[in-house]
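Source file model35.txt; content: compact mmCIF, N, CA and C atoms.
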# COMPACT_ATOMS: atom_id res chain seq x y z
N MET A 1 84.26 115.61 28.32
CA MET A 1 84.41 115.64 26.88
C MET A 1 84.51 114.22 26.31
N PHE A 2 85.25 113.35 27.00
CA PHE A 2 85.41 111.96 26.56
C PHE A 2 84.07 111.24 26.53
N ILE A 3 83.22 111.51 27.53
CA ILE A 3 81.90 110.89 27.60
C ILE A 3 81.05 111.32 26.41
N LYS A 4 81.14 112.58 26.02
CA LYS A 4 80.36 113.07 24.88
C LYS A 4 80.80 112.41 23.58
N VAL A 5 82.09 112.16 23.44
CA VAL A 5 82.60 111.49 22.24
C VAL A 5 82.09 110.05 22.19
N ILE A 6 82.18 109.35 23.31
CA ILE A 6 81.69 107.97 23.37
C ILE A 6 80.18 107.95 23.10
N SER A 7 79.45 108.87 23.70
CA SER A 7 78.01 108.95 23.49
C SER A 7 77.69 109.24 22.02
N GLY A 8 78.46 110.12 21.41
CA GLY A 8 78.25 110.44 19.99
C GLY A 8 78.50 109.25 19.09
N LEU A 9 79.56 108.50 19.38
CA LEU A 9 79.87 107.32 18.56
C LEU A 9 78.80 106.24 18.72
N LEU A 10 78.35 106.02 19.96
CA LEU A 10 77.28 105.03 20.18
C LEU A 10 75.96 105.48 19.56
N LEU A 11 75.71 106.78 19.61
CA LEU A 11 74.50 107.32 18.98
C LEU A 11 74.55 107.10 17.48
N LEU A 12 75.68 107.38 16.88
CA LEU A 12 75.85 107.17 15.45
C LEU A 12 75.67 105.70 15.09
N LEU A 13 76.24 104.81 15.88
CA LEU A 13 76.08 103.37 15.66
C LEU A 13 74.62 102.96 15.75
N SER A 14 73.92 103.46 16.75
CA SER A 14 72.51 103.11 16.92
C SER A 14 71.66 103.62 15.77
N VAL A 15 71.90 104.84 15.33
CA VAL A 15 71.12 105.40 14.22
C VAL A 15 71.39 104.62 12.94
N VAL A 16 72.65 104.29 12.68
CA VAL A 16 72.98 103.54 11.46
C VAL A 16 72.35 102.15 11.48
N LEU A 17 72.42 101.46 12.62
CA LEU A 17 71.81 100.13 12.72
C LEU A 17 70.29 100.21 12.52
N ASN A 18 69.64 101.19 13.14
CA ASN A 18 68.19 101.32 12.99
C ASN A 18 67.82 101.64 11.56
N LEU A 19 68.55 102.55 10.93
CA LEU A 19 68.24 102.90 9.54
C LEU A 19 68.48 101.71 8.60
N ARG A 20 69.58 101.00 8.82
CA ARG A 20 69.89 99.86 7.95
C ARG A 20 68.85 98.76 8.06
N HIS A 21 68.48 98.40 9.29
CA HIS A 21 67.49 97.33 9.48
C HIS A 21 66.10 97.79 9.05
N GLY A 22 65.76 99.02 9.35
CA GLY A 22 64.45 99.52 8.97
C GLY A 22 64.28 99.64 7.47
N TRP A 23 65.28 100.20 6.81
CA TRP A 23 65.17 100.42 5.38
C TRP A 23 65.18 99.11 4.59
N ALA A 24 65.87 98.10 5.08
CA ALA A 24 65.95 96.83 4.36
C ALA A 24 64.57 96.21 4.17
N SER A 25 63.76 96.24 5.20
CA SER A 25 62.43 95.63 5.09
C SER A 25 61.46 96.53 4.33
N VAL A 26 61.55 97.83 4.56
CA VAL A 26 60.64 98.75 3.88
C VAL A 26 60.88 98.75 2.38
N SER A 27 62.15 98.68 1.97
CA SER A 27 62.48 98.71 0.54
C SER A 27 62.39 97.33 -0.11
N GLY A 28 62.23 96.28 0.70
CA GLY A 28 62.10 94.93 0.16
C GLY A 28 63.43 94.26 -0.13
N THR A 29 64.50 94.74 0.46
CA THR A 29 65.82 94.15 0.22
C THR A 29 66.29 93.37 1.45
N ILE A 30 65.41 92.54 1.98
CA ILE A 30 65.75 91.74 3.15
C ILE A 30 66.71 90.63 2.73
N THR A 31 67.78 90.48 3.48
CA THR A 31 68.77 89.46 3.17
C THR A 31 68.24 88.09 3.59
N PRO A 32 68.77 87.03 2.99
CA PRO A 32 68.35 85.69 3.41
C PRO A 32 68.66 85.40 4.89
N GLN A 33 69.73 86.03 5.41
CA GLN A 33 70.06 85.84 6.82
C GLN A 33 68.98 86.43 7.72
N THR A 34 68.45 87.58 7.32
CA THR A 34 67.39 88.21 8.12
C THR A 34 66.12 87.37 8.07
N LYS A 35 65.80 86.85 6.90
CA LYS A 35 64.63 85.97 6.79
C LYS A 35 64.81 84.73 7.65
N GLN A 36 66.03 84.18 7.64
CA GLN A 36 66.33 83.00 8.45
C GLN A 36 66.27 83.35 9.94
N PHE A 37 66.60 84.57 10.27
CA PHE A 37 66.57 85.04 11.66
C PHE A 37 65.13 85.09 12.19
N PHE A 38 64.19 85.60 11.39
CA PHE A 38 62.81 85.77 11.82
C PHE A 38 61.94 84.53 11.59
N GLU A 39 62.37 83.61 10.73
CA GLU A 39 61.57 82.44 10.40
C GLU A 39 61.18 81.59 11.61
N PRO A 40 62.12 81.26 12.51
CA PRO A 40 61.72 80.41 13.66
C PRO A 40 60.76 81.12 14.62
N LEU A 41 60.68 82.44 14.55
CA LEU A 41 59.81 83.17 15.46
C LEU A 41 58.35 83.09 15.05
N GLY A 42 58.10 82.75 13.82
CA GLY A 42 56.73 82.63 13.35
C GLY A 42 56.03 83.97 13.17
N VAL A 43 56.80 85.02 12.88
CA VAL A 43 56.19 86.34 12.70
C VAL A 43 55.85 86.55 11.22
N SER A 44 54.84 87.35 10.99
CA SER A 44 54.38 87.58 9.62
C SER A 44 55.19 88.68 8.95
N GLN A 45 54.99 88.80 7.66
CA GLN A 45 55.65 89.85 6.88
C GLN A 45 55.18 91.23 7.33
N SER A 46 53.92 91.35 7.69
CA SER A 46 53.41 92.65 8.15
C SER A 46 54.01 93.03 9.50
N PHE A 47 54.28 92.05 10.36
CA PHE A 47 54.96 92.33 11.63
C PHE A 47 56.35 92.86 11.37
N MET A 48 57.06 92.23 10.43
CA MET A 48 58.41 92.67 10.10
C MET A 48 58.39 94.08 9.52
N LEU A 49 57.38 94.39 8.71
CA LEU A 49 57.27 95.72 8.14
C LEU A 49 56.98 96.75 9.24
N GLY A 50 56.10 96.41 10.16
CA GLY A 50 55.81 97.31 11.28
C GLY A 50 57.02 97.54 12.15
N LEU A 51 57.80 96.51 12.40
CA LEU A 51 59.02 96.64 13.19
C LEU A 51 60.04 97.51 12.45
N SER A 52 60.06 97.42 11.14
CA SER A 52 60.96 98.24 10.34
C SER A 52 60.59 99.71 10.43
N TRP A 53 59.30 100.00 10.36
CA TRP A 53 58.87 101.40 10.51
C TRP A 53 59.17 101.91 11.91
N LEU A 54 59.07 101.05 12.89
CA LEU A 54 59.43 101.41 14.27
C LEU A 54 60.92 101.75 14.36
N ASN A 55 61.76 100.97 13.68
CA ASN A 55 63.19 101.24 13.66
C ASN A 55 63.50 102.58 12.99
N LEU A 56 62.84 102.85 11.88
CA LEU A 56 63.06 104.12 11.18
C LEU A 56 62.62 105.30 12.04
N LEU A 57 61.50 105.16 12.72
CA LEU A 57 61.02 106.22 13.60
C LEU A 57 61.99 106.44 14.75
N ALA A 58 62.47 105.36 15.34
CA ALA A 58 63.42 105.46 16.45
C ALA A 58 64.71 106.14 16.00
N ALA A 59 65.19 105.82 14.81
CA ALA A 59 66.42 106.45 14.29
C ALA A 59 66.24 107.95 14.16
N GLY A 60 65.09 108.37 13.67
CA GLY A 60 64.83 109.80 13.55
C GLY A 60 64.73 110.50 14.90
N LEU A 61 64.09 109.84 15.84
CA LEU A 61 63.92 110.44 17.16
C LEU A 61 65.24 110.52 17.93
N LEU A 62 66.16 109.61 17.67
CA LEU A 62 67.44 109.61 18.37
C LEU A 62 68.29 110.83 18.05
N LEU A 63 68.10 111.41 16.89
CA LEU A 63 68.97 112.49 16.46
C LEU A 63 68.79 113.79 17.24
N PHE A 64 67.64 113.99 17.83
CA PHE A 64 67.36 115.26 18.50
C PHE A 64 67.32 115.07 20.01
N PRO A 65 67.96 115.98 20.76
CA PRO A 65 67.98 115.83 22.23
C PRO A 65 66.58 115.80 22.86
N ALA A 66 65.64 116.52 22.29
CA ALA A 66 64.30 116.59 22.87
C ALA A 66 63.54 115.26 22.74
N THR A 67 63.85 114.47 21.73
CA THR A 67 63.14 113.21 21.51
C THR A 67 64.05 112.00 21.71
N PHE A 68 65.21 112.23 22.30
CA PHE A 68 66.20 111.18 22.51
C PHE A 68 65.66 110.05 23.39
N LEU A 69 64.96 110.41 24.44
CA LEU A 69 64.39 109.40 25.35
C LEU A 69 63.37 108.52 24.61
N ALA A 70 62.48 109.15 23.87
CA ALA A 70 61.45 108.40 23.14
C ALA A 70 62.08 107.47 22.11
N GLY A 71 63.11 107.92 21.41
CA GLY A 71 63.78 107.08 20.42
C GLY A 71 64.44 105.86 21.05
N ASN A 72 65.09 106.06 22.19
CA ASN A 72 65.73 104.94 22.88
C ASN A 72 64.69 103.98 23.44
N LEU A 73 63.60 104.49 23.95
CA LEU A 73 62.55 103.62 24.47
C LEU A 73 61.90 102.80 23.36
N LEU A 74 61.67 103.41 22.19
CA LEU A 74 61.13 102.65 21.05
C LEU A 74 62.12 101.58 20.59
N ASN A 75 63.38 101.94 20.56
CA ASN A 75 64.41 100.98 20.17
C ASN A 75 64.46 99.81 21.14
N ALA A 76 64.46 100.10 22.43
CA ALA A 76 64.49 99.03 23.44
C ALA A 76 63.22 98.18 23.38
N ALA A 77 62.07 98.82 23.13
CA ALA A 77 60.82 98.07 23.05
C ALA A 77 60.82 97.10 21.87
N GLY A 78 61.35 97.53 20.74
CA GLY A 78 61.44 96.65 19.58
C GLY A 78 62.35 95.45 19.85
N ILE A 79 63.46 95.70 20.53
CA ILE A 79 64.38 94.61 20.85
C ILE A 79 63.74 93.66 21.85
N LEU A 80 63.05 94.21 22.85
CA LEU A 80 62.37 93.36 23.83
C LEU A 80 61.27 92.53 23.17
N LEU A 81 60.61 93.09 22.17
CA LEU A 81 59.58 92.36 21.44
C LEU A 81 60.19 91.16 20.72
N ILE A 82 61.31 91.36 20.07
CA ILE A 82 61.99 90.25 19.39
C ILE A 82 62.44 89.22 20.41
N MET A 83 62.98 89.67 21.53
CA MET A 83 63.42 88.74 22.57
C MET A 83 62.24 87.95 23.13
N GLY A 84 61.11 88.61 23.29
CA GLY A 84 59.92 87.92 23.78
C GLY A 84 59.45 86.83 22.84
N TYR A 85 59.43 87.14 21.54
CA TYR A 85 59.05 86.12 20.56
C TYR A 85 60.05 84.97 20.56
N ALA A 86 61.34 85.29 20.70
CA ALA A 86 62.35 84.23 20.73
C ALA A 86 62.18 83.34 21.95
N LEU A 87 61.91 83.94 23.09
CA LEU A 87 61.72 83.14 24.30
C LEU A 87 60.44 82.33 24.25
N GLN A 88 59.41 82.88 23.61
CA GLN A 88 58.14 82.16 23.47
C GLN A 88 58.31 80.90 22.63
N THR A 89 59.17 80.96 21.63
CA THR A 89 59.41 79.79 20.79
C THR A 89 60.51 78.90 21.34
N GLY A 90 61.11 79.28 22.46
CA GLY A 90 62.15 78.47 23.08
C GLY A 90 63.53 78.67 22.48
N ASN A 91 63.71 79.72 21.72
CA ASN A 91 64.98 80.00 21.07
C ASN A 91 65.84 80.88 21.99
N LEU A 92 66.50 80.25 22.96
CA LEU A 92 67.31 80.99 23.92
C LEU A 92 68.54 81.63 23.28
N ARG A 93 69.08 81.00 22.27
CA ARG A 93 70.25 81.55 21.60
C ARG A 93 69.93 82.89 20.95
N LEU A 94 68.81 82.96 20.27
CA LEU A 94 68.40 84.21 19.62
C LEU A 94 68.12 85.29 20.65
N ALA A 95 67.47 84.94 21.74
CA ALA A 95 67.20 85.92 22.80
C ALA A 95 68.51 86.43 23.40
N ALA A 96 69.46 85.55 23.58
CA ALA A 96 70.76 85.96 24.14
C ALA A 96 71.53 86.84 23.16
N LEU A 97 71.37 86.60 21.86
CA LEU A 97 72.05 87.43 20.87
C LEU A 97 71.53 88.87 20.88
N GLU A 98 70.32 89.08 21.33
CA GLU A 98 69.73 90.42 21.35
C GLU A 98 70.15 91.24 22.57
N ILE A 99 70.75 90.62 23.57
CA ILE A 99 71.11 91.33 24.80
C ILE A 99 72.06 92.52 24.54
N PRO A 100 73.13 92.37 23.76
CA PRO A 100 73.98 93.54 23.50
C PRO A 100 73.24 94.68 22.80
N PHE A 101 72.30 94.32 21.94
CA PHE A 101 71.53 95.34 21.25
C PHE A 101 70.55 96.04 22.20
N LEU A 102 70.14 95.35 23.23
CA LEU A 102 69.30 95.97 24.26
C LEU A 102 70.13 96.90 25.15
N LEU A 103 71.37 96.53 25.38
CA LEU A 103 72.23 97.36 26.21
C LEU A 103 72.61 98.68 25.52
N LEU A 104 72.58 98.71 24.20
CA LEU A 104 72.93 99.93 23.47
C LEU A 104 72.00 101.09 23.79
N PRO A 105 70.66 100.97 23.63
CA PRO A 105 69.82 102.11 23.99
C PRO A 105 69.84 102.43 25.48
N LEU A 106 69.99 101.41 26.32
CA LEU A 106 70.05 101.67 27.76
C LEU A 106 71.33 102.42 28.13
N GLY A 107 72.43 102.04 27.50
CA GLY A 107 73.69 102.77 27.71
C GLY A 107 73.62 104.19 27.19
N LEU A 108 72.96 104.37 26.06
CA LEU A 108 72.80 105.72 25.52
C LEU A 108 71.98 106.60 26.45
N LEU A 109 70.95 106.03 27.06
CA LEU A 109 70.16 106.80 28.01
C LEU A 109 71.01 107.21 29.20
N TRP A 110 71.87 106.34 29.66
CA TRP A 110 72.74 106.64 30.79
C TRP A 110 73.76 107.71 30.43
N LEU A 111 74.31 107.65 29.20
CA LEU A 111 75.32 108.62 28.77
C LEU A 111 74.72 109.96 28.36
N ARG A 112 73.48 109.96 28.00
CA ARG A 112 72.74 111.15 27.53
C ARG A 112 73.17 111.54 26.11
N HIS A 113 72.36 112.38 25.50
CA HIS A 113 72.62 112.84 24.14
C HIS A 113 73.87 113.72 24.14
N PRO A 114 74.75 113.55 23.14
CA PRO A 114 76.00 114.31 23.16
C PRO A 114 75.80 115.82 23.00
N LEU A 115 74.69 116.24 22.42
CA LEU A 115 74.44 117.68 22.23
C LEU A 115 73.57 118.29 23.31
N ALA A 116 73.14 117.48 24.29
CA ALA A 116 72.29 117.99 25.37
C ALA A 116 73.12 118.84 26.32
N LYS A 117 72.47 119.82 26.90
CA LYS A 117 73.18 120.73 27.83
C LYS A 117 73.22 120.16 29.22

Translate this structure into structure tokens?
Amino acid sequence: MFIKVISGLLLLLSVVLNLRHGWASVSGTITPQTKQFFEPLGVSQSFMLGLSWLNLLAAGLLLFPATFLAGNLLNAAGILLIMGYALQTGNLRLAALEIPFLLLPLGLLWLRHPLAK
């Protein structure tokens, strides 16, 4: 029972983070900190928009046990993509900052969906 509660809280955290980051770019309300975050990576506005749609899709897929795996894999792939761009530009600090966010979908996969049988 305790594992299901922890899994549920982490699932809620992951969905909220994905929705918040995804919706910010899609709606055009990107904060200056987010722009400053992506600026050294040299990514375009269309890349950021595509990543935002990926986040929104992952958030939706995370909610259902049948698509839980796909949502976590999309989430991890997006984080790995950002880490790859950071490492390509030599920004080790940014790549290291993404490690906890990469551990979130991997931990969720290990804990499983809280509503799964």

Practice problem: Write out as a count of residues only which residues come within 8 Å of Trp53 in chain A when counting all atoms listed in the file, dropping same-chain ones fewer than 3 positions away. | Solution: 13

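Between CA of Leu111 in chain A and CA of Leu19 in chain A lies a distance of 21.3 Å.
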
Exercise. Pick out the closest residue to Leu12 in chain A from this set: A:Ala96, A:Leu63, A:Leu74, A:Ile30. Count only C-alpha atoms.
Key: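 Smallest separation from Leu12 in chain A among the options: A:Leu63.
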
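The smallest atom-to-atom distance between Gln88 in chain A and any of A:Leu41, A:Val16, A:Ile3, A:Leu104, using only N, CA and C atoms, is found for A:Leu41.
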
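Within 7 Å of the point (65.4, 80.7, 17.0), counting only N, CA and C atoms, the protein and nucleic acid residues come to A:Phe37, A:Glu39, A:Pro40, A:Leu41, A:Ala86, A:Thr89, A:Gly90, A:Asn91, A:Leu92, A:Arg93, A:Leu94, A:Ala95.
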
Quiz item: Contacts of Arg112 in chain A at 9 Å or less, counting only C-alpha atoms, minus same-chain residues fewer than 6 places along, as a list in words?
Solution: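 Residues meeting the cut-off are Lys4, Ser7, Pro65, Phe68 and Leu69 of chain A.
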
Exercise. Please indicate the distance in Å from CA of Leu102 in chain A to CA of Leu80 in chain A, rounded to one decimal place.
Key: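 Interatomic distance here is 7.4 Å.
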